[in-house]
file start.txt (compact mmCIF, C-alpha atoms)
# COMPACT_ATOMS: atom_id res chain seq x y z
CA MET A 1 -12.39 -44.48 -2.25
CA GLU A 2 -9.80 -41.71 -2.19
CA LEU A 3 -11.02 -38.42 -0.80
CA PRO A 4 -10.69 -35.24 -2.88
CA VAL A 5 -8.57 -32.19 -2.27
CA VAL A 6 -10.99 -29.32 -1.71
CA VAL A 7 -10.04 -26.08 -3.43
CA VAL A 8 -11.83 -23.00 -2.12
CA GLY A 9 -12.45 -20.40 -4.83
CA ALA A 10 -13.00 -20.68 -8.59
CA GLY A 11 -10.81 -17.75 -9.50
CA PRO A 12 -7.58 -17.82 -11.50
CA THR A 13 -5.50 -19.49 -8.79
CA GLY A 14 -8.16 -21.95 -7.61
CA LEU A 15 -8.98 -23.19 -11.11
CA ALA A 16 -5.28 -23.51 -11.90
CA ALA A 17 -4.86 -25.60 -8.74
CA ALA A 18 -7.58 -27.97 -9.95
CA ALA A 19 -5.89 -28.27 -13.35
CA HIS A 20 -2.53 -29.13 -11.78
CA LEU A 21 -4.10 -31.63 -9.38
CA ARG A 22 -5.83 -33.33 -12.32
CA GLU A 23 -2.49 -33.75 -14.09
CA HIS A 24 -1.23 -35.58 -10.99
CA GLY A 25 -4.28 -37.83 -10.97
CA ILE A 26 -5.66 -36.26 -7.80
CA GLU A 27 -9.38 -35.56 -7.58
CA ALA A 28 -10.08 -31.91 -6.86
CA LEU A 29 -13.36 -30.35 -5.82
CA VAL A 30 -13.57 -26.60 -6.31
CA LEU A 31 -16.10 -24.78 -4.14
CA GLU A 32 -17.17 -21.32 -5.30
CA GLN A 33 -19.63 -19.16 -3.40
CA GLY A 34 -20.51 -17.16 -6.52
CA ASP A 35 -22.72 -18.34 -9.36
CA SER A 36 -19.93 -18.57 -11.93
CA ALA A 37 -16.18 -18.86 -12.31
CA GLY A 38 -14.25 -15.69 -11.59
CA SER A 39 -17.14 -14.04 -9.79
CA ALA A 40 -14.86 -11.56 -8.03
CA VAL A 41 -12.99 -10.73 -11.22
CA THR A 42 -16.37 -10.03 -12.79
CA ALA A 43 -16.88 -7.34 -10.15
CA TRP A 44 -14.00 -5.39 -11.72
CA ALA A 45 -14.65 -6.44 -15.31
CA HIS A 46 -14.07 -2.87 -16.55
CA VAL A 47 -10.46 -2.72 -15.34
CA ARG A 48 -7.60 -3.65 -17.67
CA LEU A 49 -4.87 -5.76 -16.10
CA PHE A 50 -1.24 -4.72 -16.30
CA SER A 51 -0.06 -8.24 -17.18
CA PRO A 52 -0.42 -9.48 -20.76
CA TRP A 53 -2.20 -12.70 -21.70
CA SER A 54 1.16 -14.51 -21.78
CA GLU A 55 1.31 -14.12 -17.98
CA LEU A 56 -2.38 -14.75 -17.24
CA VAL A 57 -2.86 -18.31 -18.51
CA ASP A 58 -1.64 -21.15 -16.31
CA PRO A 59 0.36 -23.81 -18.23
CA ALA A 60 -1.60 -26.77 -16.84
CA ALA A 61 -4.86 -24.99 -17.62
CA ALA A 62 -3.69 -24.37 -21.19
CA ARG A 63 -2.85 -28.08 -21.57
CA LEU A 64 -6.32 -29.00 -20.33
CA LEU A 65 -8.04 -26.55 -22.66
CA ALA A 66 -6.06 -27.11 -25.86
CA PRO A 67 -7.64 -30.48 -26.86
CA LEU A 68 -11.08 -28.89 -26.47
CA GLY A 69 -10.41 -26.39 -29.25
CA TRP A 70 -9.65 -23.44 -26.99
CA VAL A 71 -7.36 -20.91 -28.64
CA SER A 72 -5.14 -18.85 -26.38
CA PRO A 73 -5.58 -15.09 -26.82
CA ALA A 74 -2.77 -13.08 -28.40
CA PRO A 75 0.05 -13.24 -25.81
CA ASP A 76 0.99 -9.56 -26.02
CA ARG A 77 -2.52 -8.17 -25.43
CA TYR A 78 -3.71 -6.88 -22.09
CA PRO A 79 -7.22 -8.08 -21.22
CA THR A 80 -9.78 -6.44 -19.02
CA GLY A 81 -11.12 -8.40 -16.08
CA GLY A 82 -14.18 -9.19 -18.19
CA ASP A 83 -11.97 -10.56 -20.97
CA TRP A 84 -10.09 -12.71 -18.49
CA VAL A 85 -13.34 -14.25 -17.27
CA ALA A 86 -14.99 -14.74 -20.65
CA ASP A 87 -11.97 -15.92 -22.64
CA TYR A 88 -10.19 -18.02 -20.02
CA LEU A 89 -11.75 -18.57 -16.60
CA ARG A 90 -15.18 -19.71 -17.72
CA PRO A 91 -13.83 -22.05 -20.44
CA LEU A 92 -11.42 -23.49 -17.88
CA ALA A 93 -14.20 -24.06 -15.36
CA ALA A 94 -16.30 -25.71 -18.06
CA ALA A 95 -13.39 -28.02 -18.91
CA LEU A 96 -13.17 -29.04 -15.25
CA GLY A 97 -16.89 -29.84 -15.36
CA PRO A 98 -18.49 -31.23 -12.20
CA GLN A 99 -15.25 -30.66 -10.29
CA VAL A 100 -16.46 -27.07 -9.84
CA ARG A 101 -19.52 -26.37 -7.67
CA TYR A 102 -21.16 -22.95 -7.52
CA GLY A 103 -23.25 -21.40 -4.78
CA ALA A 104 -21.11 -23.28 -2.26
CA ARG A 105 -19.91 -21.05 0.57
CA VAL A 106 -17.34 -22.62 2.87
CA THR A 107 -18.20 -21.77 6.48
CA GLY A 108 -15.59 -23.84 8.30
CA VAL A 109 -13.09 -26.67 8.16
CA ALA A 110 -11.85 -28.99 10.89
CA ARG A 111 -10.35 -32.42 11.51
CA GLN A 112 -13.06 -35.04 11.72
CA GLY A 113 -14.18 -35.33 15.35
CA ARG A 114 -11.37 -33.14 16.66
CA ASP A 115 -11.33 -29.47 17.54
CA LEU A 116 -8.26 -27.26 17.39
CA VAL A 117 -6.90 -28.37 20.76
CA VAL A 118 -6.96 -32.16 20.26
CA ASP A 119 -3.63 -33.76 19.29
CA SER A 120 -4.53 -37.45 19.43
CA GLY A 121 -5.02 -39.06 16.03
CA ARG A 122 -5.23 -35.75 14.27
CA ASP A 123 -3.26 -36.83 11.21
CA GLU A 124 -5.19 -40.10 10.93
CA VAL A 125 -8.58 -38.57 10.13
CA PRO A 126 -9.71 -36.48 7.16
CA LEU A 127 -10.56 -32.83 7.07
CA VAL A 128 -14.26 -32.02 7.04
CA VAL A 129 -15.29 -28.93 5.07
CA HIS A 130 -18.55 -27.28 6.13
CA VAL A 131 -20.45 -25.78 3.19
CA ALA A 132 -23.58 -23.65 2.98
CA THR A 133 -25.65 -24.11 -0.20
CA ALA A 134 -29.14 -23.22 -1.37
CA ALA A 135 -30.14 -26.81 -0.59
CA GLY A 136 -28.83 -26.58 2.97
CA GLU A 137 -25.67 -27.39 4.88
CA GLN A 138 -23.23 -30.00 3.60
CA ARG A 139 -20.19 -31.74 5.05
CA ILE A 140 -17.43 -32.82 2.66
CA ALA A 141 -14.61 -35.10 3.77
CA ALA A 142 -11.29 -34.13 2.19
CA ARG A 143 -7.70 -35.35 2.19
CA GLY A 144 -6.41 -31.78 1.82
CA LEU A 145 -7.42 -28.14 1.49
CA VAL A 146 -6.13 -25.49 -0.90
CA ASP A 147 -7.50 -22.11 0.16
CA ALA A 148 -7.61 -19.87 -2.92
CA SER A 149 -10.52 -17.78 -1.66
CA GLY A 150 -8.69 -14.49 -2.06
CA THR A 151 -9.32 -11.27 -0.18
CA TRP A 152 -11.75 -9.42 -2.45
CA GLY A 153 -14.64 -9.69 -0.03
CA ARG A 154 -12.79 -7.90 2.79
CA PRO A 155 -11.63 -4.42 1.72
CA ASN A 156 -9.72 -2.42 4.27
CA PRO A 157 -11.72 0.38 5.90
CA LEU A 158 -11.19 4.09 5.39
CA GLY A 159 -9.98 4.52 8.98
CA GLY A 160 -6.26 5.19 9.18
CA ASP A 161 -5.70 2.76 12.05
CA GLY A 162 -7.04 -0.31 10.23
CA LEU A 163 -10.47 -0.07 11.84
CA PRO A 164 -13.49 1.84 10.51
CA ALA A 165 -13.31 5.56 11.20
CA ALA A 166 -15.90 6.98 13.57
CA GLY A 167 -19.02 7.47 11.47
CA GLU A 168 -17.72 5.41 8.54
CA SER A 169 -20.37 2.71 8.82
CA ALA A 170 -23.18 5.27 9.11
CA ALA A 171 -21.99 6.94 5.90
CA ALA A 172 -21.73 3.67 3.95
CA ASP A 173 -24.11 4.87 1.22
CA ARG A 174 -21.58 7.56 0.25
CA ILE A 175 -18.40 5.46 0.55
CA SER A 176 -17.37 2.98 -2.14
CA TYR A 177 -14.57 0.45 -1.70
CA ARG A 178 -14.31 -0.39 -5.42
CA VAL A 179 -12.66 1.20 -8.45
CA PRO A 180 -15.34 3.18 -10.32
CA ASP A 181 -16.18 2.47 -13.96
CA ALA A 182 -16.16 5.80 -15.83
CA ARG A 183 -18.09 4.19 -18.71
CA ASP A 184 -21.03 3.14 -16.53
CA PRO A 185 -23.83 5.77 -16.76
CA ALA A 186 -24.88 5.05 -13.17
CA VAL A 187 -21.35 5.69 -11.95
CA VAL A 188 -21.10 8.89 -13.96
CA GLN A 189 -24.42 10.07 -12.54
CA ARG A 190 -23.22 9.34 -9.01
CA TYR A 191 -19.99 11.32 -9.24
CA ALA A 192 -20.50 14.00 -11.90
CA GLY A 193 -20.49 17.51 -10.48
CA ARG A 194 -19.53 16.34 -7.00
CA ARG A 195 -16.48 16.46 -4.73
CA ILE A 196 -14.93 13.02 -4.42
CA ALA A 197 -12.10 11.96 -2.13
CA VAL A 198 -9.94 8.99 -3.11
CA ALA A 199 -8.08 7.28 -0.27
CA GLY A 200 -5.26 4.86 -1.09
CA SER A 201 -1.81 4.92 -2.65
CA GLY A 202 -1.51 1.84 -4.88
CA ALA A 203 -2.43 0.98 -8.44
CA SER A 204 -6.11 0.69 -7.54
CA ALA A 205 -5.99 4.26 -6.26
CA PHE A 206 -4.30 5.42 -9.48
CA THR A 207 -7.02 3.70 -11.49
CA ALA A 208 -9.76 5.29 -9.40
CA LEU A 209 -8.18 8.74 -9.71
CA LEU A 210 -7.97 8.46 -13.47
CA ALA A 211 -11.53 7.17 -13.78
CA LEU A 212 -12.81 10.12 -11.76
CA ASP A 213 -10.55 12.49 -13.68
CA THR A 214 -12.20 11.26 -16.88
CA ILE A 215 -15.61 12.08 -15.43
CA ALA A 216 -14.38 15.47 -14.19
CA GLN A 217 -13.10 16.48 -17.62
CA ASP A 218 -16.50 15.72 -19.14
CA HIS A 219 -18.55 17.22 -16.31
CA PRO A 220 -17.48 20.66 -15.02
CA GLY A 221 -17.82 21.13 -11.30
CA THR A 222 -16.50 17.66 -10.48
CA GLU A 223 -13.62 17.82 -8.00
CA VAL A 224 -11.18 15.01 -7.22
CA VAL A 225 -9.19 15.04 -3.98
CA TRP A 226 -6.50 12.46 -3.26
CA LEU A 227 -5.92 11.67 0.41
CA LEU A 228 -2.43 10.31 1.12
CA ARG A 229 -1.32 9.09 4.51
CA ARG A 230 2.26 10.00 3.64
CA GLY A 231 3.81 12.82 1.67
CA LEU A 232 4.50 12.93 -2.06
CA SER A 233 7.87 11.46 -2.99
CA GLY A 234 9.78 10.00 -5.89
CA THR A 235 8.19 6.61 -5.30
CA THR A 236 4.57 7.75 -4.90
CA PHE A 237 3.70 6.99 -8.52
CA GLY A 238 5.58 3.69 -8.80
CA GLY A 239 8.37 2.70 -11.17
CA GLY A 240 7.25 4.82 -14.12
CA GLU A 241 9.51 4.47 -17.14
CA ALA A 242 11.78 2.06 -15.23
CA ASP A 243 9.02 -0.49 -14.61
CA GLN A 244 9.43 -3.76 -16.50
CA LEU A 245 5.63 -4.07 -16.46
CA PRO A 246 4.96 -1.20 -18.87
CA ALA A 247 1.23 -1.00 -18.16
CA ARG A 248 1.89 -0.55 -14.46
CA GLY A 249 4.51 2.11 -15.11
CA ALA A 250 2.21 3.91 -17.54
CA LEU A 251 -0.59 3.92 -15.00
CA GLY A 252 1.50 5.71 -12.40
CA LEU A 253 2.73 8.22 -14.96
CA ARG A 254 -0.81 9.05 -16.05
CA ALA A 255 -1.83 9.56 -12.42
CA ARG A 256 1.15 11.86 -11.92
CA GLY A 257 0.11 13.77 -15.04
CA ALA A 258 -3.36 14.40 -13.60
CA VAL A 259 -1.81 15.66 -10.36
CA ASP A 260 0.79 17.83 -12.11
CA ALA A 261 -1.93 19.36 -14.29
CA GLY A 262 -3.87 20.37 -11.18
CA ARG A 263 -6.90 18.24 -12.03
CA VAL A 264 -6.38 16.16 -8.88
CA ARG A 265 -5.80 17.97 -5.60
CA VAL A 266 -3.51 16.12 -3.19
CA VAL A 267 -3.84 16.26 0.60
CA THR A 268 -0.86 14.62 2.29
CA GLY A 269 -0.42 13.33 5.84
CA PHE A 270 -4.14 12.57 6.08
CA ARG A 271 -5.08 9.56 8.20
CA THR A 272 -8.86 9.47 8.47
CA THR A 273 -10.26 9.21 11.99
CA THR A 274 -13.80 10.59 11.60
CA VAL A 275 -16.53 10.74 8.98
CA THR A 276 -19.23 13.27 9.82
CA ASP A 277 -22.48 13.57 7.89
CA VAL A 278 -23.15 17.28 7.52
CA GLY A 279 -26.31 16.90 5.48
CA ALA A 280 -25.06 18.29 2.17
CA GLY A 281 -21.97 16.08 2.29
CA LEU A 282 -19.32 14.52 4.49
CA THR A 283 -16.55 16.05 6.55
CA LEU A 284 -13.52 13.80 6.91
CA GLY A 285 -11.33 14.42 9.92
CA SER A 286 -7.70 13.34 10.27
CA ALA A 287 -5.52 12.41 13.20
CA ALA A 288 -3.63 15.68 12.67
CA GLY A 289 -6.82 17.70 13.15
CA THR A 290 -7.24 18.71 9.50
CA THR A 291 -10.56 18.25 7.70
CA VAL A 292 -11.72 17.75 4.12
CA ASP A 293 -15.28 18.38 2.91
CA VAL A 294 -16.53 16.04 0.18
CA ASP A 295 -19.72 14.53 -1.22
CA GLU A 296 -18.45 11.01 -1.86
CA VAL A 297 -15.47 8.83 -0.91
CA VAL A 298 -13.73 6.08 -2.86
CA ALA A 299 -11.62 4.08 -0.40
CA VAL A 300 -9.19 1.78 -2.19
CA THR A 301 -6.82 1.01 0.64
CA GLY A 302 -6.22 -2.68 0.03
CA PHE A 303 -7.70 -5.92 1.33
CA ARG A 304 -7.27 -8.38 4.17
CA PRO A 305 -7.90 -12.14 4.49
CA ASP A 306 -10.92 -13.73 6.14
CA LEU A 307 -9.45 -16.26 8.56
CA SER A 308 -12.62 -16.85 10.58
CA TRP A 309 -13.64 -20.07 8.84
CA LEU A 310 -10.14 -21.52 9.39
CA SER A 311 -10.37 -21.19 13.17
CA GLU A 312 -10.37 -24.97 13.82
CA VAL A 313 -7.29 -25.84 11.77
CA ARG A 314 -3.76 -25.15 12.89
CA LEU A 315 -2.19 -22.20 11.11
CA GLU A 316 1.19 -20.55 11.41
CA LEU A 317 0.77 -16.98 10.21
CA ASP A 318 2.88 -13.87 10.48
CA PRO A 319 1.40 -11.60 13.17
CA VAL A 320 1.73 -8.51 10.99
CA LEU A 321 0.85 -9.59 7.45
CA GLN A 322 -1.38 -12.56 8.35
CA ALA A 323 0.49 -14.52 5.67
CA PRO A 324 2.21 -17.91 6.08
CA VAL A 325 5.11 -17.28 8.40
CA ARG A 326 7.77 -18.58 5.99
CA LEU A 327 6.39 -16.48 3.16
CA ALA A 328 5.98 -13.21 5.06
CA PRO A 329 9.65 -12.08 4.96
CA LEU A 330 9.61 -12.50 1.18
CA ILE A 331 6.56 -10.28 0.59
CA ASP A 332 6.90 -7.57 3.24
CA PRO A 333 5.70 -4.44 1.37
CA ASN A 334 8.18 -2.34 3.33
CA VAL A 335 10.93 -4.19 1.47
CA HIS A 336 9.50 -5.82 -1.65
CA SER A 337 7.45 -5.05 -4.74
CA CYS A 338 5.62 -7.80 -6.62
CA GLY A 339 8.62 -8.07 -8.95
CA SER A 340 11.22 -8.56 -6.23
CA VAL A 341 9.42 -11.44 -4.47
CA TYR A 342 11.32 -14.67 -4.83
CA PRO A 343 9.18 -17.38 -6.50
CA HIS A 344 7.90 -19.75 -3.85
CA GLY A 345 5.74 -22.80 -3.40
CA ALA A 346 4.60 -25.56 -1.09
CA ASN A 347 7.39 -25.21 1.44
CA GLU A 348 6.55 -21.58 2.20
CA LEU A 349 2.77 -22.07 2.01
CA ALA A 350 2.24 -25.27 4.02
CA GLN A 351 0.53 -25.03 7.39
CA PRO A 352 1.04 -27.09 10.56
CA GLU A 353 -2.31 -28.72 9.76
CA GLY A 354 -1.25 -31.45 7.33
CA GLU A 355 -2.05 -30.89 3.63
CA VAL A 356 -3.55 -27.45 4.22
CA TYR A 357 -2.22 -24.65 2.02
CA LEU A 358 -3.03 -20.96 1.59
CA VAL A 359 -2.44 -19.87 -2.01
CA GLY A 360 -3.10 -16.93 -4.30
CA MET A 361 -3.88 -13.53 -2.84
CA LYS A 362 -5.05 -15.22 0.37
CA SER A 363 -1.46 -16.34 0.94
CA TYR A 364 -0.28 -12.72 0.85
CA GLY A 365 -2.46 -11.76 3.79
CA ARG A 366 -2.41 -7.97 3.97
CA ALA A 367 0.48 -7.56 1.55
CA PRO A 368 -0.42 -6.01 -1.83
CA THR A 369 0.87 -6.36 -5.41
CA PHE A 370 0.15 -10.00 -6.12
CA LEU A 371 0.66 -11.27 -9.68
CA ALA A 372 -1.34 -14.06 -11.31
CA MET A 373 1.76 -15.94 -12.42
CA THR A 374 2.95 -16.03 -8.81
CA GLY A 375 -0.25 -17.88 -7.93
CA TYR A 376 0.20 -20.30 -10.82
CA GLU A 377 3.69 -21.19 -9.62
CA GLN A 378 2.37 -21.63 -6.10
CA VAL A 379 -0.29 -24.16 -7.10
CA ARG A 380 2.06 -26.03 -9.44
CA SER A 381 4.32 -26.61 -6.44
CA VAL A 382 1.45 -27.39 -4.04
CA ALA A 383 -0.09 -29.94 -6.41
CA ALA A 384 3.28 -31.66 -6.75
CA ALA A 385 3.63 -31.79 -2.97
CA LEU A 386 0.15 -33.27 -2.56
CA ALA A 387 1.13 -35.89 -5.14
CA GLY A 388 4.25 -36.76 -3.16
CA ASP A 389 6.64 -35.38 -5.79
CA HIS A 390 8.71 -33.28 -3.43
CA GLU A 391 11.49 -32.71 -5.95
CA ALA A 392 9.04 -31.02 -8.34
CA ALA A 393 7.48 -29.14 -5.46
CA ALA A 394 10.85 -27.65 -4.50
CA ARG A 395 11.80 -26.74 -8.07
CA VAL A 396 11.41 -23.09 -9.15
CA GLU A 397 9.78 -22.71 -12.56
CA LEU A 398 9.10 -18.98 -12.64
CA THR A 399 11.04 -15.78 -13.25
CA LEU A 400 9.22 -12.61 -12.27
CA PRO A 401 9.69 -9.21 -13.91
CA GLU A 402 11.44 -6.71 -11.69
CA THR A 403 10.12 -3.33 -10.70
CA GLY A 404 12.64 -0.74 -11.77
CA VAL A 405 14.05 -2.81 -14.64
CA CYS A 406 12.46 -1.95 -17.95
CA GLY A 407 14.21 -4.41 -20.22
CA GLY A 408 12.84 -2.82 -23.40
CA ALA A 409 9.38 -4.18 -22.71
CA GLY A 410 7.68 -1.59 -24.91
CA LEU A 411 5.02 1.09 -24.83
CA PHE A 412 1.60 0.18 -23.50
CA ASP A 413 -1.34 1.20 -25.65
CA GLU A 414 -4.29 0.98 -23.23
CA ALA A 415 -6.90 1.53 -25.93
CA GLU A 416 -5.62 -1.47 -27.88
CA GLY A 417 -4.33 -3.45 -24.93
CA THR A 418 -0.95 -4.05 -26.56
CA ARG A 419 2.71 -3.15 -26.33
CA ALA A 420 3.81 -0.92 -29.16
CA GLY A 421 7.59 -0.61 -29.00
CA GLY A 422 9.86 1.73 -27.04
CA CYS A 423 10.43 1.56 -23.32
CA CYS A 424 7.68 1.76 -20.78
CA ALA A 425 6.29 5.18 -21.67
CA PRO A 426 2.68 6.14 -20.93
CA ALA A 427 -0.09 5.94 -23.49
CA GLY A 428 -3.86 5.86 -23.46
CA PRO A 429 -6.48 6.58 -20.78
CA VAL A 430 -7.46 4.84 -17.55
CA GLY A 431 -7.65 1.15 -17.02
CA VAL A 432 -4.98 -0.85 -15.20
CA GLU A 433 -5.08 -2.36 -11.74
CA LEU A 434 -3.07 -4.65 -9.52
CA GLU A 435 -4.03 -8.29 -9.80
CA THR A 436 -4.97 -8.49 -6.17
CA THR A 437 -8.34 -10.06 -6.81
CA SER A 438 -8.53 -13.77 -6.31
CA THR A 439 -12.13 -14.75 -6.53
CA GLY A 440 -13.14 -14.84 -2.88
CA GLY A 441 -14.69 -18.24 -3.43
CA ARG A 442 -16.25 -18.58 -0.02

call {"tool": "encode", "arguments": {"input": "start.txt", "output": "structure tokens"}}
result
Amino acid sequence: MELPVVVVGAGPTGLAAAAHLREHGIEALVLEQGDSAGSAVTAWAHVRLFSPWSELVDPAAARLLAPLGWVSPAPDRYPTGGDWVADYLRPLAAALGPQVRYGARVTGVARQGRDLVVDSGRDEVPLVVHVATAAGEQRIAARGLVDASGTWGRPNPLGGDGLPAAGESAAADRISYRVPDARDPAVVQRYAGRRIAVAGSGASAFTALLALDTIAQDHPGTEVVWLLRRGLSGTTFGGGEADQLPARGALGLRARGAVDAGRVRVVTGFRTTTVTDVGAGLTLGSAAGTTVDVDEVVAVTGFRPDLSWLSEVRLELDPVLQAPVRLAPLIDPNVHSCGSVYPHGANELAQPEGEVYLVGMKSYGRAPTFLAMTGYEQVRSVAAALAGDHEAAARVELTLPETGVCGGAGLFDEAEGTRAGGCCAPAGPVGVELETTSTGGR
């Protein structure tokens, strides 16, 4: 009996991997630690993506779903995370049926009977995936592993050196690491009339700023402070009108509008080193000696991969990004945006441990700005490689939009979730975030 390929994570990339493997006649077993498909996406269900439906449905998944009566959403509409789950991820998981197991948290993987050091016979024995379930521990023998567990479960800390700031853990009840939902009454109650600091400089930070700005405009006395580790520059707000992804460009322009209007106060050169509870609030201290007094903090400073459960398989990762070493030069955020990353596949993602691949946001390590269609191309290539079709694995079947090239993509109407003609100008209120949220299936 042929062993399955274990896919870790039932998010967009993991489910797409299972669909591609099925087309190659390879049995896939998807292990998801949550209780449903797209459990991490569900955690940001209120956020509208900046990719339209045409870029959020994997081709193999669409082929699997079509005979079952599934109708693809309008290609030019921009779904929220909740839409993505309800209208695509859950139907796809249902189509895969018993290939997807929920409540299955992967705790480790190793070669059968061999720890990391042993060379002898390593390629002759299967992988063994250790899984924690409500019924107890399980061991699953596998011919290969596709790690699509994402990074959602490991947000970066507030501390400017990559470690928690002094006092950060003690103040956890007043620090959130998620984008707030301005339509949630509990969120409004938490932040209305208070001083809130937002730390971070990417699209998630823009989304958080605009959500809090919405609350502030409805509730006088609410103050929003944006903490930036660097200074303001021409690139702080992204590509703007020159961004080929109009929703992403519009998001940055709306954030700039809130800053220019004085509704968001910006503190530059602020790298948090201390968080001090002063009773009535928090005092944040920076490496430069400056301080900011606030009531609450929203830290949206990115994510990092959990590599602990991969400690007994042989990995070759970049020491800086913690991404596959052949992929790292292509995604270095000091050089690239998500639109300038060359499409890549099995060759860049393969690990020294045979038939082990890191895909999706997990493959990007600490690099940001991952797009769903990048993950779909990755797993198309990986599935072909696992099937022995190395020509298909090496073929590039994806063209990414470029940051800074508008291409007449059209206005983005956030309220309707559509393009409306023109060229990348802003429209509508808050609601767009980077697709850096693979499901975290462990």

call {"tool": "atom_distance", "arguments": {"input": "start.txt", "atom1": "atom CA of A:Arg254", "atom2": "atom CA of A:Phe50"}}
result
13.8 Å

call {"tool": "closest_residue", "arguments": {"input": "start.txt", "among": "A:Arg248, A:His344, A:Arg304, A:Arg183", "to": "A:Thr374", "atoms": "only C-alpha atoms"}}
result
A:His344

call {"tool": "residues_near_point", "arguments": {"input": "start.txt", "point": "(-14.3, -32.0, -16.6)", "cutoff": "12 Å", "atoms": "only C-alpha atoms", "output": "list in words"}}
result
Leu15, Ala18, Ala19, Arg22, Glu27, Ala28, Leu29, Val30, Ala61, Leu64, Leu65, Leu68, Pro91, Leu92, Ala93, Ala94, Ala95, Leu96, Gly97, Pro98, Gln99, Val100 and Arg101 of chain A

call {"tool": "atom_distance", "arguments": {"input": "start.txt", "atom1": "atom CA of A:Glu296", "atom2": "atom CA of A:Val266"}}
result
15.8 Å

call {"tool": "atom_distance", "arguments": {"input": "start.txt", "atom1": "atom CA of A:Gly11", "atom2": "atom CA of A:Ser149"}}
result
7.8 Å

call {"tool": "closest_residue", "arguments": {"input": "start.txt", "among": "A:Met1, A:Ala372, A:Val379, A:Val85", "to": "A:Val41", "atoms": "all atoms listed in the file"}}
result
A:Val85

call {"tool": "closest_residue", "arguments": {"input": "start.txt", "among": "A:Lys362, A:Pro73, A:Arg48, A:Val300", "to": "A:Ser176", "atoms": "all atoms listed in the file"}}
result
A:Val300

call {"tool": "residues_near_point", "arguments": {"input": "start.txt", "point": "(-18.4, -24.1, 0.3)", "cutoff": "12 Å", "atoms": "all atoms listed in the file", "output": "compact mmCIF listing (two decimals) with C-alpha atoms, in the coordinates of the input"}}
result
# COMPACT_ATOMS: atom_id res chain seq x y z
CA VAL A 6 -10.99 -29.32 -1.71
CA VAL A 7 -10.04 -26.08 -3.43
CA VAL A 8 -11.83 -23.00 -2.12
CA GLY A 9 -12.45 -20.40 -4.83
CA ALA A 10 -13.00 -20.68 -8.59
CA LEU A 29 -13.36 -30.35 -5.82
CA VAL A 30 -13.57 -26.60 -6.31
CA LEU A 31 -16.10 -24.78 -4.14
CA GLU A 32 -17.17 -21.32 -5.30
CA GLN A 33 -19.63 -19.16 -3.40
CA GLY A 34 -20.51 -17.16 -6.52
CA VAL A 100 -16.46 -27.07 -9.84
CA ARG A 101 -19.52 -26.37 -7.67
CA TYR A 102 -21.16 -22.95 -7.52
CA GLY A 103 -23.25 -21.40 -4.78
CA ALA A 104 -21.11 -23.28 -2.26
CA ARG A 105 -19.91 -21.05 0.57
CA VAL A 106 -17.34 -22.62 2.87
CA THR A 107 -18.20 -21.77 6.48
CA GLY A 108 -15.59 -23.84 8.30
CA VAL A 109 -13.09 -26.67 8.16
CA VAL A 128 -14.26 -32.02 7.04
CA VAL A 129 -15.29 -28.93 5.07
CA HIS A 130 -18.55 -27.28 6.13
CA VAL A 131 -20.45 -25.78 3.19
CA ALA A 132 -23.58 -23.65 2.98
CA THR A 133 -25.65 -24.11 -0.20
CA ALA A 134 -29.14 -23.22 -1.37
CA GLY A 136 -28.83 -26.58 2.97
CA GLU A 137 -25.67 -27.39 4.88
CA GLN A 138 -23.23 -30.00 3.60
CA ARG A 139 -20.19 -31.74 5.05
CA ILE A 140 -17.43 -32.82 2.66
CA LEU A 145 -7.42 -28.14 1.49
CA ASP A 147 -7.50 -22.11 0.16
CA SER A 149 -10.52 -17.78 -1.66
CA TRP A 309 -13.64 -20.07 8.84
CA GLY A 440 -13.14 -14.84 -2.88
CA GLY A 441 -14.69 -18.24 -3.43
CA ARG A 442 -16.25 -18.58 -0.02

call {"tool": "closest_residue", "arguments": {"input": "start.txt", "among": "A:Val275, A:Ala216, A:Leu398, A:Leu158", "to": "A:Gly302", "atoms": "all atoms listed in the file"}}
result
A:Leu158

call {"tool": "closest_residue", "arguments": {"input": "start.txt", "among": "A:Ala211, A:Ala287, A:Leu349, A:Met361", "to": "A:Arg154", "atoms": "all atoms listed in the file"}}
result
A:Met361

call {"tool": "closest_residue", "arguments": {"input": "start.txt", "among": "A:Asp306, A:Glu312, A:Glu397, A:Asp35", "to": "A:Arg111", "atoms": "only C-alpha atoms"}}
result
A:Glu312

call {"tool": "residues_around", "arguments": {"input": "start.txt", "residues": "A:Ala45", "least_positions_apart": "3", "cutoff": "8 Å", "atoms": "only C-alpha atoms", "output": "list in words"}}
result
Val41, Thr42, Arg48, Thr80, Gly81, Gly82 and Asp83 of chain A

call {"tool": "residues_around", "arguments": {"input": "start.txt", "residues": "A:Pro352", "least_positions_apart": "3", "cutoff": "8 Å", "atoms": "only C-alpha atoms", "output": "list of chain:residue names"}}
result
A:Arg314, A:Leu315, A:Glu316, A:Val356

call {"tool": "write_last_selection", "arguments": {"input": "start.txt", "atoms": "C-alpha atoms", "output": "mmCIF file, keeping the file's coordinate frame"}}
result
data_model
loop_
_atom_site.group_PDB
_atom_site.id
_atom_site.type_symbol
_atom_site.label_atom_id
_atom_site.label_comp_id
_atom_site.auth_asym_id
_atom_site.auth_seq_id
_atom_site.Cartn_x
_atom_site.Cartn_y
_atom_site.Cartn_z
ATOM 1 C CA ARG A 314 -3.760 -25.150 12.890
ATOM 2 C CA LEU A 315 -2.190 -22.200 11.110
ATOM 3 C CA GLU A 316 1.190 -20.550 11.410
ATOM 4 C CA VAL A 356 -3.550 -27.450 4.220
#
